[in-house]
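Everything on this sheet refers to the single structure shown next.
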Amino acid sequence: MQMNYKKILSAVNCLSPPVKRFLEPYMDFIAQSATDIRLRLNRPLTISARDGVYFPSNDGGLLQALPDKAVIITKADLIDSFNRICRYSVYSVQNEIINGFVTVSGGHRAGVCGTAVVESGKIVNIRDISSINLRIAREVKGCADKLISQIENMQNGVLICGEPCSGKTTILRDLARYISEKENKNISLIDERGELAAPVCGVNQNDVGLCDVFCGYPKHKAVEQALRCMSPEYIICDEIGTTEDLKAVESCVNSGVSVIAALHAKNKSELLGKPNAVKLLKTGAFGTVVFLKSRKNAGEISAVERAGDLLGN
């Protein structure tokens, strides 16, 4: 997959100038292959790709074996990168930080790790930042075309299953764009973690077509709001599987609203081994279940099944 150079640059621009300087020679590689850029205090700078981990070297080169002169991340690198990621206003992204990540320009997501500050059993802040994981966001327009061609009626609901980084979110985004623009359907896009539309200051960083975006809401609350006031024909959401998600899906079924969602399960046995996943299938919300291949074959389909067949109906 290739990415617009300007968009990948927006990710690297979030990092401190010394770190950015070491990454700039490898921008083409990052754009084509990288999934994450990781900064860990007093540890080597790393670039994760689909075929493994790479280490930039102080004397030039990008190696899969840890080099003698690896680029070591300093406390100053982490603090400066963190401030840039927060747009120099930590308070304005406090809720995102508490949830462990901040969405940055271009739709990229910066995961933050450190020491939790806990009050009354709830995390209220994170201090002493020890690592940052900048996850590269990818838009691949048209990546859902093959899936669309294999599904007779998406209004019967679609559940997309796969392991992490197998392309579930990217396909959901493309489906949202296609259905809202090509089929002129009203879609409420439930973007609880800011990965689908990736809004920053209210502006979607990813193209999700003509969707109404609920960002940061707990899924069940967003679905409740959508059903009450947005008159959706479809609800699209990522990473379902909890008991509350199950109730939200049931609400959609009872309201006659089609659901397209994703769930962590790399194959049939893993899917059917999850009690809530089986309950989701039994709601009747999903006529079709799609399995993606793997993180090494992101976006590729391994199987398309009828939900009834999986349940033995």
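Naming works like this for the structure tokens: A, B, ... for the chains as they're shown, residue 1 at the start of each chain, ligands 1 onward in shown order.
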
Write out as a list in words the residues lying within 10 Å of Ile260 in chain A, counting only C-alpha atoms and excluding same-chain residues fewer than 6 positions away. Met154, Gln155, Asn156, Gly157, Val158, Leu159, Ile160, Leu172, Leu175, Ala176, Leu189, Tyr234, Ile235, Ile236, Cys237, Asp238, Val249, Ala285, Phe286, Thr288 and Val289 of chain A

Residues within 10 Å of Phe55 in chain A, only C-alpha atoms, excluding chain neighbours under 5 positions, as a VMD selection string: chain A and resid 44 to 48 61 to 67 69 to 71

Filtering to all heavy atoms, could you give me those residues as an mmCIF file, in the first residue's frame?
```cif
data_model
loop_
_atom_site.group_PDB
_atom_site.id
_atom_site.type_symbol
_atom_site.label_atom_id
_atom_site.label_comp_id
_atom_site.auth_asym_id
_atom_site.auth_seq_id
_atom_site.Cartn_x
_atom_site.Cartn_y
_atom_site.Cartn_z
ATOM 1 N N PRO A 44 16.487 1.874 21.697
ATOM 2 C CA PRO A 44 16.621 2.238 20.278
ATOM 3 C C PRO A 44 15.302 2.671 19.636
ATOM 4 O O PRO A 44 14.235 2.122 19.945
ATOM 5 C CB PRO A 44 17.141 0.950 19.630
ATOM 6 C CG PRO A 44 17.751 0.168 20.737
ATOM 7 C CD PRO A 44 16.934 0.487 21.942
ATOM 8 N N LEU A 45 15.377 3.631 18.740
ATOM 9 C CA LEU A 45 14.263 4.012 17.885
ATOM 10 C C LEU A 45 13.954 2.839 16.953
ATOM 11 O O LEU A 45 14.869 2.257 16.364
ATOM 12 C CB LEU A 45 14.643 5.248 17.074
ATOM 13 C CG LEU A 45 13.705 5.690 15.943
ATOM 14 C CD1 LEU A 45 12.363 6.138 16.507
ATOM 15 C CD2 LEU A 45 14.353 6.802 15.126
ATOM 16 N N THR A 46 12.675 2.482 16.817
ATOM 17 C CA THR A 46 12.322 1.352 15.952
ATOM 18 C C THR A 46 11.198 1.724 14.990
ATOM 19 O O THR A 46 10.355 2.566 15.286
ATOM 20 C CB THR A 46 11.886 0.117 16.762
ATOM 21 O OG1 THR A 46 10.681 0.410 17.477
ATOM 22 C CG2 THR A 46 12.958 -0.319 17.735
ATOM 23 N N ILE A 47 11.228 1.062 13.840
ATOM 24 C CA ILE A 47 10.153 1.170 12.857
ATOM 25 C C ILE A 47 9.614 -0.240 12.638
ATOM 26 O O ILE A 47 10.345 -1.135 12.200
ATOM 27 C CB ILE A 47 10.661 1.735 11.511
ATOM 28 C CG1 ILE A 47 11.298 3.121 11.701
ATOM 29 C CG2 ILE A 47 9.517 1.800 10.494
ATOM 30 C CD1 ILE A 47 11.986 3.635 10.453
ATOM 31 N N SER A 48 8.352 -0.438 12.972
ATOM 32 C CA SER A 48 7.730 -1.748 12.758
ATOM 33 C C SER A 48 7.115 -1.791 11.364
ATOM 34 O O SER A 48 6.432 -0.850 10.959
ATOM 35 C CB SER A 48 6.644 -2.011 13.808
ATOM 36 O OG SER A 48 7.205 -2.058 15.098
ATOM 37 N N GLY A 61 21.715 3.967 7.486
ATOM 38 C CA GLY A 61 21.257 2.605 7.259
ATOM 39 C C GLY A 61 20.050 2.263 8.119
ATOM 40 O O GLY A 61 19.822 2.860 9.182
ATOM 41 N N LEU A 62 19.286 1.318 7.619
ATOM 42 C CA LEU A 62 18.093 0.833 8.300
ATOM 43 C C LEU A 62 18.214 -0.679 8.347
ATOM 44 O O LEU A 62 18.144 -1.351 7.319
ATOM 45 C CB LEU A 62 16.840 1.269 7.533
ATOM 46 C CG LEU A 62 15.492 1.043 8.201
ATOM 47 C CD1 LEU A 62 15.377 1.855 9.483
ATOM 48 C CD2 LEU A 62 14.351 1.400 7.250
ATOM 49 N N LEU A 63 18.419 -1.222 9.542
ATOM 50 C CA LEU A 63 18.767 -2.625 9.693
ATOM 51 C C LEU A 63 17.732 -3.387 10.506
ATOM 52 O O LEU A 63 17.096 -2.832 11.401
ATOM 53 C CB LEU A 63 20.131 -2.744 10.382
ATOM 54 C CG LEU A 63 21.286 -1.929 9.773
ATOM 55 C CD1 LEU A 63 22.508 -2.015 10.660
ATOM 56 C CD2 LEU A 63 21.587 -2.441 8.372
ATOM 57 N N GLN A 64 17.577 -4.675 10.210
ATOM 58 C CA GLN A 64 16.680 -5.511 11.002
ATOM 59 C C GLN A 64 17.391 -6.102 12.212
ATOM 60 O O GLN A 64 16.744 -6.507 13.172
ATOM 61 C CB GLN A 64 16.060 -6.612 10.140
ATOM 62 C CG GLN A 64 14.950 -6.101 9.231
ATOM 63 C CD GLN A 64 14.070 -7.209 8.696
ATOM 64 O OE1 GLN A 64 14.482 -7.932 7.803
ATOM 65 N NE2 GLN A 64 12.867 -7.338 9.209
ATOM 66 N N ALA A 65 18.713 -6.129 12.170
ATOM 67 C CA ALA A 65 19.499 -6.526 13.340
ATOM 68 C C ALA A 65 19.881 -5.259 14.101
ATOM 69 O O ALA A 65 20.183 -4.229 13.503
ATOM 70 C CB ALA A 65 20.753 -7.279 12.910
ATOM 71 N N LEU A 66 19.832 -5.323 15.413
ATOM 72 C CA LEU A 66 20.139 -4.154 16.229
ATOM 73 C C LEU A 66 21.564 -3.680 15.952
ATOM 74 O O LEU A 66 22.525 -4.406 16.196
ATOM 75 C CB LEU A 66 19.982 -4.488 17.713
ATOM 76 C CG LEU A 66 20.187 -3.351 18.710
ATOM 77 C CD1 LEU A 66 19.163 -2.248 18.477
ATOM 78 C CD2 LEU A 66 20.091 -3.869 20.135
ATOM 79 N N PRO A 67 21.730 -2.457 15.423
ATOM 80 C CA PRO A 67 23.073 -1.981 15.075
ATOM 81 C C PRO A 67 23.868 -1.536 16.300
ATOM 82 O O PRO A 67 23.296 -1.226 17.349
ATOM 83 C CB PRO A 67 22.781 -0.788 14.156
ATOM 84 C CG PRO A 67 21.447 -0.289 14.589
ATOM 85 C CD PRO A 67 20.682 -1.502 15.046
ATOM 86 N N LYS A 69 25.436 1.191 16.540
ATOM 87 C CA LYS A 69 25.206 2.627 16.735
ATOM 88 C C LYS A 69 23.728 2.953 16.516
ATOM 89 O O LYS A 69 23.369 3.803 15.709
ATOM 90 C CB LYS A 69 26.088 3.432 15.786
ATOM 91 C CG LYS A 69 27.577 3.279 16.063
ATOM 92 C CD LYS A 69 28.411 4.161 15.145
ATOM 93 C CE LYS A 69 29.892 4.035 15.446
ATOM 94 N NZ LYS A 69 30.713 4.899 14.557
ATOM 95 N N ALA A 70 22.887 2.269 17.254
ATOM 96 C CA ALA A 70 21.446 2.508 17.151
ATOM 97 C C ALA A 70 21.104 3.913 17.650
ATOM 98 O O ALA A 70 21.818 4.481 18.489
ATOM 99 C CB ALA A 70 20.689 1.473 17.970
ATOM 100 N N VAL A 71 20.021 4.456 17.134
ATOM 101 C CA VAL A 71 19.549 5.770 17.579
ATOM 102 C C VAL A 71 18.811 5.578 18.902
ATOM 103 O O VAL A 71 17.779 4.903 18.955
ATOM 104 C CB VAL A 71 18.596 6.393 16.531
ATOM 105 C CG1 VAL A 71 18.043 7.727 17.046
ATOM 106 C CG2 VAL A 71 19.312 6.576 15.209
#
```

Proximity to Ser130 in chain A - best of A:Glu163, A:Glu152, A:Asp77, A:Asp191, only C-alpha atoms: A:Asp77

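Computed from the coordinates, the CA of Lys221 in chain A to CA of Asn276 in chain A distance equals 18.7 Å.
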
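Using only C-alpha atoms, the nearest neighbour of Ile136 in chain A within the list A:Asp36, A:Asp51, A:Glu183, A:Glu195 is A:Asp36.
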
So that I can check the surroundings of range 105-121 of chain A, please list as JSON, numbers by chain every protein, DNA and RNA residue that reaches within 8 Å of it, counting only C-alpha atoms and ignoring chain neighbours fewer than 4 positions away. {"A": [7, 8, 10, 11, 85, 97, 100, 101, 125, 126, 127, 128, 129, 130, 131, 132, 133, 134, 135, 136, 137, 195, 197, 198, 199, 200, 204, 205, 206]}

Residues just named, written with C-alpha atoms as a PDB file, in the first residue's frame:
```
ATOM      1  CA  LYS A   7       0.136  12.539   4.980  1.00  0.00           C
ATOM      2  CA  ILE A   8       3.095  10.445   6.085  1.00  0.00           C
ATOM      3  CA  SER A  10       2.326  14.779   9.066  1.00  0.00           C
ATOM      4  CA  ALA A  11       3.085  11.723  11.219  1.00  0.00           C
ATOM      5  CA  ILE A  85       1.601  15.284  19.692  1.00  0.00           C
ATOM      6  CA  ILE A  97      -4.362  10.684  27.002  1.00  0.00           C
ATOM      7  CA  GLY A 100      -3.868   5.868  26.173  1.00  0.00           C
ATOM      8  CA  PHE A 101      -3.569   7.587  22.797  1.00  0.00           C
ATOM      9  CA  ASN A 125      -3.671  11.336  34.158  1.00  0.00           C
ATOM     10  CA  ILE A 126      -0.484   9.733  32.880  1.00  0.00           C
ATOM     11  CA  ARG A 127       2.891  11.036  34.035  1.00  0.00           C
ATOM     12  CA  ASP A 128       6.527  10.121  33.446  1.00  0.00           C
ATOM     13  CA  ILE A 129       5.992   9.206  29.801  1.00  0.00           C
ATOM     14  CA  SER A 130       8.238   6.243  29.023  1.00  0.00           C
ATOM     15  CA  SER A 131       7.247   5.316  25.465  1.00  0.00           C
ATOM     16  CA  ILE A 132       5.272   6.534  22.475  1.00  0.00           C
ATOM     17  CA  ASN A 133       3.943   4.358  19.683  1.00  0.00           C
ATOM     18  CA  LEU A 134       3.039   6.344  16.567  1.00  0.00           C
ATOM     19  CA  ARG A 135       0.696   4.106  14.590  1.00  0.00           C
ATOM     20  CA  ILE A 136       0.628   4.968  10.889  1.00  0.00           C
ATOM     21  CA  ALA A 137      -2.906   5.473   9.594  1.00  0.00           C
ATOM     22  CA  GLU A 195      -9.515   5.420  14.244  1.00  0.00           C
ATOM     23  CA  ALA A 197     -12.654   9.271  10.795  1.00  0.00           C
ATOM     24  CA  ALA A 198      -9.810  10.368  13.112  1.00  0.00           C
ATOM     25  CA  PRO A 199     -11.143  13.866  13.789  1.00  0.00           C
ATOM     26  CA  VAL A 200      -8.730  16.515  15.063  1.00  0.00           C
ATOM     27  CA  ASN A 204     -12.014  14.442   9.967  1.00  0.00           C
ATOM     28  CA  GLN A 205      -8.493  13.491   8.938  1.00  0.00           C
ATOM     29  CA  ASN A 206      -9.734  10.488   6.962  1.00  0.00           C
TER      30      ASN A 206
END
```

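Each of A:Val93, A:Leu272, A:Ala34, A:Ile240 was checked against Gly52 in chain A using only C-alpha atoms; the smallest atom-to-atom distance is that of A:Ala34.
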
Range 185-241 of chain A: which residues are strand (DSSP E or B) by DSSP, as number ranges by chain? A: 187-191, 199-200, 203-204, 211-215, 234-237

Just write the chosen residues, all heavy atoms, as a tab-separated table (two decimals), in the first residue's frame.
```
chain	number	residue	atom	x	y	z
A	187	ILE	N	-25.55	7.18	7.13
A	187	ILE	CA	-24.72	6.34	7.97
A	187	ILE	C	-24.31	7.10	9.22
A	187	ILE	O	-23.82	8.24	9.15
A	187	ILE	CB	-23.45	5.88	7.23
A	187	ILE	CG1	-23.81	4.95	6.07
A	187	ILE	CG2	-22.48	5.18	8.17
A	187	ILE	CD1	-22.63	4.53	5.25
A	188	SER	N	-24.49	6.46	10.38
A	188	SER	CA	-23.91	6.96	11.62
A	188	SER	C	-22.65	6.13	11.87
A	188	SER	O	-22.72	4.90	12.03
A	188	SER	CB	-24.89	6.81	12.79
A	188	SER	OG	-25.92	7.76	12.69
A	189	LEU	N	-21.52	6.81	11.86
A	189	LEU	CA	-20.22	6.15	12.03
A	189	LEU	C	-19.80	6.29	13.49
A	189	LEU	O	-19.58	7.40	13.97
A	189	LEU	CB	-19.19	6.79	11.10
A	189	LEU	CG	-17.83	6.12	11.03
A	189	LEU	CD1	-17.93	4.76	10.36
A	189	LEU	CD2	-16.84	7.00	10.25
A	190	ILE	N	-19.71	5.18	14.18
A	190	ILE	CA	-19.38	5.19	15.61
A	190	ILE	C	-17.86	5.01	15.74
A	190	ILE	O	-17.34	3.92	15.56
A	190	ILE	CB	-20.13	4.06	16.36
A	190	ILE	CG1	-21.62	4.05	15.98
A	190	ILE	CG2	-19.92	4.22	17.86
A	190	ILE	CD1	-22.35	5.33	16.21
A	191	ASP	N	-17.19	6.10	16.04
A	191	ASP	CA	-15.72	6.13	16.03
A	191	ASP	C	-15.21	6.33	17.45
A	191	ASP	O	-14.61	7.35	17.78
A	191	ASP	CB	-15.26	7.26	15.11
A	191	ASP	CG	-13.80	7.13	14.71
A	191	ASP	OD1	-13.19	6.10	15.01
A	191	ASP	OD2	-13.27	8.08	14.10
A	199	PRO	N	-11.00	12.40	13.75
A	199	PRO	CA	-11.14	13.87	13.79
A	199	PRO	C	-10.12	14.53	14.70
A	199	PRO	O	-9.79	14.01	15.76
A	199	PRO	CB	-12.57	14.06	14.33
A	199	PRO	CG	-12.87	12.82	15.09
A	199	PRO	CD	-12.13	11.72	14.41
A	200	VAL	N	-9.62	15.67	14.26
A	200	VAL	CA	-8.73	16.51	15.06
A	200	VAL	C	-9.34	17.91	15.06
A	200	VAL	O	-9.53	18.50	14.00
A	200	VAL	CB	-7.30	16.54	14.50
A	200	VAL	CG1	-6.44	17.55	15.27
A	200	VAL	CG2	-6.66	15.16	14.57
A	203	VAL	N	-12.26	18.25	12.70
A	203	VAL	CA	-12.05	18.03	11.26
A	203	VAL	C	-11.60	16.58	11.03
A	203	VAL	O	-10.57	16.16	11.56
A	203	VAL	CB	-10.98	19.00	10.70
A	203	VAL	CG1	-10.77	18.73	9.20
A	203	VAL	CG2	-11.40	20.45	10.93
A	204	ASN	N	-12.38	15.83	10.25
A	204	ASN	CA	-12.01	14.44	9.97
A	204	ASN	C	-10.72	14.40	9.16
A	204	ASN	O	-10.62	15.03	8.10
A	204	ASN	CB	-13.13	13.74	9.20
A	204	ASN	CG	-14.39	13.57	10.02
A	204	ASN	OD1	-14.34	13.51	11.24
A	204	ASN	ND2	-15.52	13.49	9.34
A	211	CYS	N	-20.80	10.63	6.10
A	211	CYS	CA	-21.23	10.00	7.35
A	211	CYS	C	-21.40	11.03	8.46
A	211	CYS	O	-20.74	12.06	8.48
A	211	CYS	CB	-20.21	8.96	7.80
A	211	CYS	SG	-20.05	7.53	6.72
A	212	ASP	N	-22.29	10.71	9.40
A	212	ASP	CA	-22.40	11.46	10.65
A	212	ASP	C	-21.52	10.74	11.67
A	212	ASP	O	-21.74	9.55	11.97
A	212	ASP	CB	-23.85	11.50	11.13
A	212	ASP	CG	-24.77	12.16	10.11
A	212	ASP	OD1	-24.43	13.27	9.66
A	212	ASP	OD2	-25.80	11.55	9.75
A	213	VAL	N	-20.51	11.44	12.17
A	213	VAL	CA	-19.48	10.79	12.98
A	213	VAL	C	-19.69	11.06	14.47
A	213	VAL	O	-19.77	12.22	14.90
A	213	VAL	CB	-18.08	11.27	12.56
A	213	VAL	CG1	-17.00	10.60	13.42
A	213	VAL	CG2	-17.83	10.97	11.08
A	214	PHE	N	-19.76	9.98	15.24
A	214	PHE	CA	-19.80	10.06	16.70
A	214	PHE	C	-18.42	9.64	17.21
A	214	PHE	O	-18.09	8.46	17.19
A	214	PHE	CB	-20.87	9.13	17.27
A	214	PHE	CG	-22.29	9.56	17.01
A	214	PHE	CD1	-22.89	9.32	15.78
A	214	PHE	CD2	-23.02	10.21	17.99
A	214	PHE	CE1	-24.20	9.71	15.53
A	214	PHE	CE2	-24.32	10.61	17.76
A	214	PHE	CZ	-24.91	10.37	16.54
A	215	CYS	N	-17.63	10.60	17.66
A	215	CYS	CA	-16.26	10.29	18.09
A	215	CYS	C	-16.12	10.40	19.60
A	215	CYS	O	-16.59	11.37	20.21
A	215	CYS	CB	-15.28	11.25	17.41
A	215	CYS	SG	-13.56	10.89	17.80
A	234	TYR	N	-27.74	2.82	8.20
A	234	TYR	CA	-26.64	1.94	8.60
A	234	TYR	C	-25.96	2.53	9.83
A	234	TYR	O	-25.84	3.76	9.96
A	234	TYR	CB	-25.56	1.84	7.51
A	234	TYR	CG	-25.89	0.96	6.33
A	234	TYR	CD1	-26.65	1.45	5.27
A	234	TYR	CD2	-25.42	-0.35	6.26
A	234	TYR	CE1	-26.93	0.66	4.17
A	234	TYR	CE2	-25.70	-1.14	5.15
A	234	TYR	CZ	-26.45	-0.64	4.12
A	234	TYR	OH	-26.72	-1.42	3.03
A	235	ILE	N	-25.48	1.65	10.68
A	235	ILE	CA	-24.54	2.04	11.73
A	235	ILE	C	-23.28	1.23	11.50
A	235	ILE	O	-23.32	0.00	11.34
A	235	ILE	CB	-25.12	1.80	13.14
A	235	ILE	CG1	-26.07	2.96	13.48
A	235	ILE	CG2	-24.01	1.68	14.18
A	235	ILE	CD1	-26.71	2.87	14.85
A	236	ILE	N	-22.15	1.92	11.43
A	236	ILE	CA	-20.85	1.28	11.20
A	236	ILE	C	-19.97	1.55	12.41
A	236	ILE	O	-19.84	2.71	12.84
A	236	ILE	CB	-20.19	1.80	9.91
A	236	ILE	CG1	-21.03	1.40	8.69
A	236	ILE	CG2	-18.77	1.24	9.78
A	236	ILE	CD1	-20.45	1.85	7.36
A	237	CYS	N	-19.38	0.50	12.96
A	237	CYS	CA	-18.51	0.69	14.12
A	237	CYS	C	-17.39	-0.35	14.13
A	237	CYS	O	-17.47	-1.39	13.46
A	237	CYS	CB	-19.30	0.64	15.42
A	237	CYS	SG	-20.16	-0.92	15.71
```

Skip range 14-22 of chain A itself and residues of its chain fewer than 6 positions away, then list as a PyMOL selection string all residues within 8 Å of it, counting only C-alpha atoms. chain A and resi 56+58+71+73+77-78+80-82+84-85+104

Compare A:Ile98, A:Leu210, A:Ala226, A:Ala277 by their minimum atom-to-atom distance to Thr242 in chain A, counting only C-alpha atoms, and give me the closest one. A:Ala277
